[in-house]
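Engineer: Dropping in final-v7.tsv, with TSV, C-alpha atoms.
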```tsv
chain	number	residue	atom	x	y	z
A	1	MET	CA	0.00	0.00	0.00
A	2	SER	CA	1.52	3.33	-1.01
A	3	ARG	CA	2.09	6.11	1.47
A	4	GLU	CA	-0.23	8.32	-0.56
A	5	THR	CA	-3.06	5.80	-0.25
A	6	ILE	CA	-2.49	5.50	3.48
A	7	PHE	CA	-2.57	9.29	3.82
A	8	GLU	CA	-5.88	9.49	1.93
A	9	GLU	CA	-7.38	6.86	4.21
A	10	VAL	CA	-6.11	8.75	7.25
A	11	VAL	CA	-7.82	11.91	5.96
A	12	ASP	CA	-11.09	9.95	5.74
A	13	ILE	CA	-10.56	8.68	9.28
A	14	PHE	CA	-10.07	12.20	10.58
A	15	ARG	CA	-13.19	13.37	8.74
A	16	GLU	CA	-15.22	10.53	10.23
A	17	VAL	CA	-13.97	10.95	13.80
A	18	PHE	CA	-14.44	14.73	13.75
A	19	ASP	CA	-17.66	14.43	11.74
A	20	ASP	CA	-16.47	17.03	9.23
A	21	GLU	CA	-16.41	16.15	5.54
A	22	GLU	CA	-14.58	19.39	4.77
A	23	LEU	CA	-11.74	18.87	7.26
A	24	GLU	CA	-8.34	19.44	5.71
A	25	ILE	CA	-5.18	18.02	7.24
A	26	ASN	CA	-1.56	17.76	6.18
A	27	GLU	CA	1.59	16.00	7.34
A	28	GLU	CA	2.26	18.63	10.02
A	29	THR	CA	-1.27	18.71	11.44
A	30	CYS	CA	-1.25	18.04	15.16
A	31	SER	CA	-3.71	18.25	18.06
A	32	ASP	CA	-3.03	21.98	18.45
A	33	ASP	CA	-4.56	22.52	15.00
A	34	ILE	CA	-7.92	20.85	15.61
A	35	GLU	CA	-9.90	22.19	18.57
A	36	GLU	CA	-11.79	18.96	19.23
A	37	TRP	CA	-8.69	16.78	19.05
A	38	ASP	CA	-8.44	15.81	22.72
A	39	SER	CA	-7.40	12.56	24.41
A	40	LEU	CA	-10.82	10.98	23.83
A	41	GLU	CA	-10.80	11.73	20.11
A	42	ASN	CA	-7.19	10.59	19.93
A	43	ILE	CA	-8.35	7.20	21.17
A	44	ASN	CA	-11.10	7.18	18.54
A	45	LEU	CA	-8.57	8.01	15.81
A	46	ILE	CA	-6.21	5.23	16.87
A	47	VAL	CA	-9.00	2.65	17.22
A	48	LEU	CA	-10.33	3.47	13.74
A	49	MET	CA	-6.83	3.33	12.26
A	50	GLU	CA	-6.32	-0.14	13.74
A	51	LYS	CA	-9.62	-1.30	12.25
A	52	THR	CA	-9.09	0.32	8.86
A	53	PHE	CA	-5.57	-0.98	8.30
A	54	HIS	CA	-5.86	-4.26	10.25
A	55	ILE	CA	-2.91	-3.38	12.46
A	56	LYS	CA	-2.24	-3.20	16.19
A	57	PHE	CA	-0.40	-0.34	17.87
A	58	GLN	CA	1.59	-0.41	21.10
A	59	ILE	CA	1.14	2.33	23.71
A	60	ALA	CA	4.81	3.27	23.48
A	61	GLU	CA	4.50	3.77	19.72
A	62	ILE	CA	1.49	6.06	20.07
A	63	SER	CA	3.13	8.22	22.70
A	64	GLU	CA	5.88	9.12	20.21
A	65	LEU	CA	3.48	10.39	17.54
A	66	GLU	CA	3.58	14.16	17.12
A	67	ASN	CA	1.61	14.79	13.96
A	68	VAL	CA	-0.31	13.22	11.10
A	69	GLY	CA	2.92	12.54	9.21
A	70	ASP	CA	4.21	10.42	12.11
A	71	MET	CA	0.91	8.52	12.14
A	72	VAL	CA	1.15	7.77	8.43
A	73	ASN	CA	4.77	6.62	8.77
A	74	LEU	CA	3.88	4.27	11.61
A	75	ILE	CA	0.87	2.87	9.76
A	76	LYS	CA	3.00	2.24	6.67
A	77	LYS	CA	5.60	0.43	8.76
A	78	LYS	CA	2.95	-1.79	10.36
A	79	VAL	CA	1.15	-2.50	7.11
A	80	GLU	CA	4.45	-3.57	5.53
A	81	GLU	CA	5.18	-5.82	8.53
A	82	ASN	CA	1.87	-7.58	7.85
A	83	GLU	CA	2.49	-8.04	4.13
B	1	MET	CA	-23.12	-4.76	41.15
B	2	ASN	CA	-21.05	-6.59	38.56
B	3	LYS	CA	-17.30	-6.08	38.38
B	4	TYR	CA	-16.32	-7.60	35.07
B	5	SER	CA	-12.73	-7.05	34.04
B	6	PHE	CA	-11.76	-6.46	30.42
B	7	GLU	CA	-10.43	-10.02	30.19
B	8	GLU	CA	-13.63	-11.55	31.58
B	9	LEU	CA	-15.82	-10.08	28.86
B	10	SER	CA	-16.10	-11.57	25.39
B	11	VAL	CA	-17.85	-10.36	22.31
B	12	GLY	CA	-21.41	-11.62	22.62
B	13	HIS	CA	-21.67	-11.26	26.39
B	14	LYS	CA	-25.15	-10.00	27.36
B	15	GLU	CA	-26.72	-8.48	30.44
B	16	ASN	CA	-30.17	-7.02	31.07
B	17	PHE	CA	-32.41	-5.60	33.80
B	18	THR	CA	-35.92	-4.17	34.09
B	19	ALA	CA	-37.24	-0.82	35.30
B	20	SER	CA	-40.57	0.93	35.53
B	21	VAL	CA	-40.88	4.68	35.02
B	22	SER	CA	-42.81	6.31	37.83
B	23	GLU	CA	-44.56	9.68	37.93
B	24	GLU	CA	-42.18	10.59	40.73
B	25	PHE	CA	-39.09	9.86	38.62
B	26	VAL	CA	-40.46	12.08	35.83
B	27	ALA	CA	-41.23	14.89	38.30
B	28	ASP	CA	-37.74	14.63	39.84
B	29	PHE	CA	-36.15	14.70	36.40
B	30	ARG	CA	-38.13	17.82	35.50
B	31	LYS	CA	-37.20	19.46	38.81
B	32	HIS	CA	-33.48	18.76	38.51
B	33	THR	CA	-33.05	19.50	34.81
B	34	GLY	CA	-35.45	22.40	34.53
B	35	ASP	CA	-36.99	20.92	31.39
B	36	GLU	CA	-40.54	22.26	31.69
B	37	ASN	CA	-41.59	21.31	28.18
B	38	PRO	CA	-45.36	20.64	28.32
B	39	LEU	CA	-45.00	17.45	26.28
B	40	HIS	CA	-43.74	15.80	29.46
B	41	LYS	CA	-46.18	17.24	31.99
B	42	ASP	CA	-49.43	18.20	30.24
B	43	SER	CA	-51.57	15.27	29.08
B	44	ASP	CA	-53.89	17.41	26.95
B	45	TYR	CA	-50.95	19.09	25.27
B	46	ALA	CA	-49.34	15.72	24.50
B	47	LYS	CA	-52.58	14.26	23.15
B	48	ASN	CA	-52.96	17.32	20.95
B	49	LYS	CA	-49.57	16.54	19.50
B	50	GLY	CA	-50.61	13.00	18.65
B	51	PHE	CA	-49.32	11.10	21.65
B	52	ARG	CA	-51.33	8.72	23.83
B	53	ASP	CA	-50.50	10.73	26.96
B	54	LYS	CA	-47.69	12.92	28.33
B	55	VAL	CA	-44.38	11.46	27.23
B	56	VAL	CA	-41.48	10.46	29.46
B	57	PHE	CA	-38.32	12.49	28.77
B	58	GLY	CA	-36.10	10.76	26.23
B	59	MET	CA	-33.01	11.52	28.28
B	60	LEU	CA	-34.66	9.99	31.34
B	61	THR	CA	-35.11	6.77	29.38
B	62	ALA	CA	-31.51	7.09	28.19
B	63	SER	CA	-30.32	7.44	31.78
B	64	TYR	CA	-30.89	3.70	32.08
B	65	TYR	CA	-27.91	3.22	29.76
B	66	SER	CA	-25.84	4.60	32.62
B	67	THR	CA	-27.25	1.89	34.88
B	68	LEU	CA	-26.69	-0.79	32.25
B	69	VAL	CA	-22.97	-0.15	31.90
B	70	GLY	CA	-22.31	1.24	35.36
B	71	VAL	CA	-23.93	-1.63	37.23
B	72	TYR	CA	-24.28	-4.60	34.88
B	73	LEU	CA	-22.01	-4.51	31.83
B	74	PRO	CA	-19.24	-4.22	32.88
B	75	GLY	CA	-20.33	-2.71	36.19
B	76	GLU	CA	-18.02	-1.10	38.71
B	77	ARG	CA	-14.98	-0.75	36.45
B	78	CYS	CA	-16.85	1.22	33.78
B	79	VAL	CA	-15.83	4.63	32.50
B	80	ILE	CA	-18.18	5.80	29.75
B	81	HIS	CA	-16.58	7.47	26.74
B	82	GLU	CA	-19.45	7.82	24.32
B	83	VAL	CA	-23.18	7.18	24.06
B	84	ASN	CA	-24.99	7.47	20.74
B	85	SER	CA	-28.69	6.95	21.33
B	86	LYS	CA	-31.92	7.03	19.39
B	87	PHE	CA	-35.48	7.37	20.63
B	88	LYS	CA	-37.64	5.15	18.49
B	89	GLU	CA	-40.99	5.14	20.29
B	90	PRO	CA	-42.53	7.23	23.09
B	91	VAL	CA	-42.34	5.98	26.65
B	92	TYR	CA	-45.20	6.63	29.09
B	93	VAL	CA	-45.40	6.62	32.88
B	94	GLY	CA	-45.98	3.08	34.08
B	95	ASP	CA	-44.24	1.42	31.16
B	96	GLU	CA	-42.19	-1.63	32.11
B	97	LEU	CA	-38.85	-1.36	30.39
B	98	THR	CA	-36.27	-4.05	29.72
B	99	ILE	CA	-32.80	-2.62	29.21
B	100	SER	CA	-30.33	-4.99	27.56
B	101	GLY	CA	-26.80	-4.77	26.29
B	102	GLU	CA	-24.39	-6.92	24.35
B	103	VAL	CA	-20.64	-6.57	23.88
B	104	VAL	CA	-20.05	-6.23	20.14
B	105	GLU	CA	-16.45	-5.09	20.01
B	106	LYS	CA	-13.29	-5.05	22.14
B	107	ASN	CA	-10.16	-2.94	21.75
B	108	GLU	CA	-7.16	-4.37	23.56
B	109	LEU	CA	-4.95	-1.30	23.34
B	110	PHE	CA	-7.23	1.04	25.28
B	111	ARG	CA	-9.29	-1.64	27.08
B	112	LEU	CA	-12.44	-0.37	25.40
B	113	ILE	CA	-15.62	-2.26	24.75
B	114	THR	CA	-18.53	-1.30	22.56
B	115	VAL	CA	-21.95	-2.22	23.89
B	116	LYS	CA	-25.01	-2.34	21.70
B	117	ALA	CA	-27.95	-1.52	23.93
B	118	LEU	CA	-31.69	-1.79	23.50
B	119	ILE	CA	-34.65	-0.69	25.59
B	120	ARG	CA	-37.94	-2.49	25.01
B	121	ASN	CA	-41.32	-1.77	26.57
B	122	GLN	CA	-43.76	-4.29	28.02
B	123	LYS	CA	-45.08	-5.03	24.52
B	124	GLY	CA	-41.62	-5.94	23.32
B	125	LYS	CA	-41.35	-2.81	21.19
B	126	ILE	CA	-37.95	-1.15	20.93
B	127	VAL	CA	-38.31	2.32	22.41
B	128	SER	CA	-34.65	3.24	22.32
B	129	LYS	CA	-31.32	1.91	21.13
B	130	ALA	CA	-27.77	3.00	21.75
B	131	LYS	CA	-24.15	2.33	20.95
B	132	ILE	CA	-21.98	2.82	24.02
B	133	VAL	CA	-18.19	2.95	24.01
B	134	LEU	CA	-16.61	2.58	27.41
B	135	GLU	CA	-13.30	1.87	29.06
B	136	ILE	CA	-12.79	-0.81	31.67
B	137	LYS	CA	-10.35	0.50	34.28
```
Could you show the structure in this file as C-alpha cells?

Structural biologist:
Amino acid sequence: MSRETIFEEVVDIFREVFDDEELEINEETCSDDIEEWDSLENINLIVLMEKTFHIKFQIAEISELENVGDMVNLIKKKVEENE
Amino acid sequence: MNKYSFEELSVGHKENFTASVSEEFVADFRKHTGDENPLHKDSDYAKNKGFRDKVVFGMLTASYYSTLVGVYLPGERCVIHEVNSKFKEPVYVGDELTISGEVVEKNELFRLITVKALIRNQKGKIVSKAKIVLEIK
C-alpha cells in the first residue's frame, strides 16, 4: 500500500472521527490545530486506524506520535510488517 | 453490582435488567433538569400533539444506559466514553422497560468495549437503542 493511499485513508478517518467532511489536514497537522482533538478523540482516531488498516499499535508507539505525518509513517511500517 | 474485568468479557456477552418509570421519577427529572416542556407534563398538550398521553423524557429513558454499563455490563470498572442513542418510540409513565446490552467489540490497546444496547417496553417494542463505548479500568 503506497504512502499516498495511506494518507488518503487517514484523511477519511479524521473526517469521520471529527464528523467534518470538509476537514483538511496535512503531514504537520497536530492536536493543536484541531480544537476537538483531545485525548478521547485521539483514542477514537487510533482505534479506527487499527480497524481500517488491520494493524495493532503499542502504547509506546502512540506516545511518540507528534503529527499526522508520524501517524502515516507508523501505519505504513505496520502495514508492511503484515504483508 | 457486577465487576467484570476487560479479560472476563467476550464479544457476545449479554446483560439485562428491568425498570418501571414512575410519575415521581419524571417529576424529579423535570425538577433537577429544569426541562418544563409541556409534552412531558401536560396530558392534553401531549394528546394534541398526537401522543397517547404525556411522554417520558427521552433523556430519562436514556439514563438507564448509565445503569446498564455502570452496574451490569461491565459494572463497577466502567468509564463511559461515548453514548450514541436514538429514541424510536414514546415511553409513558408506568411502562415496564427491559434494558439490555451486548458486547459487540473489544479494543485491547485502550481496554475499550462497545456495547449495543436496546430498551424495550412491556409489549416488546424497541423504544430506544444505543451504541456505548466505554473503558474498563

Engineer: So how many Å separate atom CA of Phe57 of chain A and atom CA of Pro74 of chain B, to one decimal?

Structural biologist: 24.4 Å

Engineer: Near Ile75 of chain A, within 10 Å and counting all atoms listed in the file, which residues show up once chain neighbours fewer than 5 positions away are dropped, as a compact mmCIF listing (two decimals) with C-alpha atoms, keeping the file's coordinate frame?

Structural biologist:
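That gives us selection_33.txt:
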```
# COMPACT_ATOMS: atom_id res chain seq x y z
CA ARG A 3 2.09 6.11 1.47
CA ILE A 6 -2.49 5.50 3.48
CA PHE A 7 -2.57 9.29 3.82
CA VAL A 10 -6.11 8.75 7.25
CA MET A 49 -6.83 3.33 12.26
CA GLU A 50 -6.32 -0.14 13.74
CA PHE A 53 -5.57 -0.98 8.30
CA HIS A 54 -5.86 -4.26 10.25
CA ILE A 55 -2.91 -3.38 12.46
CA LYS A 56 -2.24 -3.20 16.19
CA PHE A 57 -0.40 -0.34 17.87
CA GLY A 69 2.92 12.54 9.21
CA ASP A 70 4.21 10.42 12.11
CA GLU A 80 4.45 -3.57 5.53
CA GLU A 81 5.18 -5.82 8.53
```

Engineer: With all atoms listed in the file as the atoms that count, which of A:Ile46, A:Met1, A:Val68, A:Val79 lies nearest to chain B?

Structural biologist: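 Checking each of A:Ile46, A:Met1, A:Val68, A:Val79 against chain B, counting all atoms listed in the file, the winner is A:Ile46.
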
Engineer: Using only C-alpha atoms, which protein or nucleic acid residues come within 9 Å of Gly94 of chain B? Drop anything in the same chain fewer than 4 positions from it, and give the result as a ChimeraX atom specification.

Structural biologist: /B:20-23

Engineer: Got time to write the residues from that selection, C-alpha atoms, as a PDB file, in the coordinates of the input?

Structural biologist:
```pdb
ATOM      1  CA  SER B  20     -40.570   0.930  35.530  1.00  0.00           C
ATOM      2  CA  VAL B  21     -40.880   4.680  35.020  1.00  0.00           C
ATOM      3  CA  SER B  22     -42.810   6.310  37.830  1.00  0.00           C
ATOM      4  CA  GLU B  23     -44.560   9.680  37.930  1.00  0.00           C
TER       5      GLU B  23
END
```

Engineer: Output the contact residues of chain A with respect to chain B at a cut-off of 8 Å, based on all atoms listed in the file, as a PyMOL selection string.

Structural biologist: chain A and resi 40+43+47+56-59

Engineer: Which residue out of B:Phe17, B:Ala27, B:Lys131, B:Lys88 has the minimum interatomic distance to Val103 of chain B when all atoms listed in the file are used?

Structural biologist: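 The answer is B:Lys131, which sits nearest to Val103 of chain B.
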
Engineer: Which residues are close to Leu73 of chain B, i.e. within 8 Å by all atoms listed in the file, leaving aside same-chain residues fewer than 2 positions away? Reply as an mmCIF file with C-alpha atoms, in the frame of the given file.

Structural biologist:
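In the end it all went to around-v6.cif:
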```cif
data_model
loop_
_atom_site.group_PDB
_atom_site.id
_atom_site.type_symbol
_atom_site.label_atom_id
_atom_site.label_comp_id
_atom_site.auth_asym_id
_atom_site.auth_seq_id
_atom_site.Cartn_x
_atom_site.Cartn_y
_atom_site.Cartn_z
ATOM 1 C CA ASN B 2 -21.050 -6.590 38.560
ATOM 2 C CA TYR B 4 -16.320 -7.600 35.070
ATOM 3 C CA LYS B 14 -25.150 -10.000 27.360
ATOM 4 C CA GLU B 15 -26.720 -8.480 30.440
ATOM 5 C CA LEU B 68 -26.690 -0.790 32.250
ATOM 6 C CA VAL B 69 -22.970 -0.150 31.900
ATOM 7 C CA GLY B 70 -22.310 1.240 35.360
ATOM 8 C CA VAL B 71 -23.930 -1.630 37.230
ATOM 9 C CA GLY B 75 -20.330 -2.710 36.190
ATOM 10 C CA CYS B 78 -16.850 1.220 33.780
ATOM 11 C CA GLY B 101 -26.800 -4.770 26.290
#
```

Engineer: Find the residues near Ser43 of chain B: any atom within 9 Å, counting all atoms listed in the file, skip ones fewer than 3 places away on the same chain, and give them as a PyMOL selection string.

Structural biologist: chain B and resi 38-40+46-48+51-55

Engineer: Would you mind putting N, CA and C atoms back on segment 118-131 of chain B and writing the result as a JSON list (two decimals), in the frame of the given file?

Structural biologist:
```json
[["chain", "number", "residue", "atom", "x", "y", "z"],
["B", 118, "LEU", "N", -30.31, -1.92, 23.94],
["B", 118, "LEU", "CA", -31.69, -1.79, 23.50],
["B", 118, "LEU", "C", -32.58, -1.59, 24.71],
["B", 119, "ILE", "N", -33.62, -0.78, 24.55],
["B", 119, "ILE", "CA", -34.65, -0.69, 25.59],
["B", 119, "ILE", "C", -35.98, -1.04, 24.95],
["B", 120, "ARG", "N", -36.63, -2.07, 25.52],
["B", 120, "ARG", "CA", -37.94, -2.49, 25.01],
["B", 120, "ARG", "C", -38.99, -2.21, 26.07],
["B", 121, "ASN", "N", -40.23, -1.95, 25.62],
["B", 121, "ASN", "CA", -41.32, -1.77, 26.57],
["B", 121, "ASN", "C", -42.01, -3.11, 26.82],
["B", 122, "GLN", "N", -43.09, -3.05, 27.61],
["B", 122, "GLN", "CA", -43.76, -4.29, 28.02],
["B", 122, "GLN", "C", -44.39, -5.04, 26.85],
["B", 123, "LYS", "N", -44.54, -4.36, 25.72],
["B", 123, "LYS", "CA", -45.08, -5.03, 24.52],
["B", 123, "LYS", "C", -43.97, -5.58, 23.63],
["B", 124, "GLY", "N", -42.74, -5.45, 24.10],
["B", 124, "GLY", "CA", -41.62, -5.94, 23.32],
["B", 124, "GLY", "C", -41.13, -4.98, 22.25],
["B", 125, "LYS", "N", -41.73, -3.79, 22.22],
["B", 125, "LYS", "CA", -41.35, -2.81, 21.19],
["B", 125, "LYS", "C", -40.06, -2.10, 21.60],
["B", 126, "ILE", "N", -39.19, -1.88, 20.65],
["B", 126, "ILE", "CA", -37.95, -1.15, 20.93],
["B", 126, "ILE", "C", -38.29, 0.33, 21.05],
["B", 127, "VAL", "N", -38.04, 0.91, 22.21],
["B", 127, "VAL", "CA", -38.31, 2.32, 22.41],
["B", 127, "VAL", "C", -37.04, 3.17, 22.27],
["B", 128, "SER", "N", -35.91, 2.52, 22.46],
["B", 128, "SER", "CA", -34.65, 3.24, 22.32],
["B", 128, "SER", "C", -33.53, 2.25, 22.03],
["B", 129, "LYS", "N", -32.52, 2.72, 21.32],
["B", 129, "LYS", "CA", -31.32, 1.91, 21.13],
["B", 129, "LYS", "C", -30.10, 2.81, 21.23],
["B", 130, "ALA", "N", -28.97, 2.20, 21.57],
["B", 130, "ALA", "CA", -27.77, 3.00, 21.75],
["B", 130, "ALA", "C", -26.52, 2.18, 21.45],
["B", 131, "LYS", "N", -25.48, 2.93, 21.06],
["B", 131, "LYS", "CA", -24.15, 2.33, 20.95],
["B", 131, "LYS", "C", -23.31, 3.04, 22.00]]
```
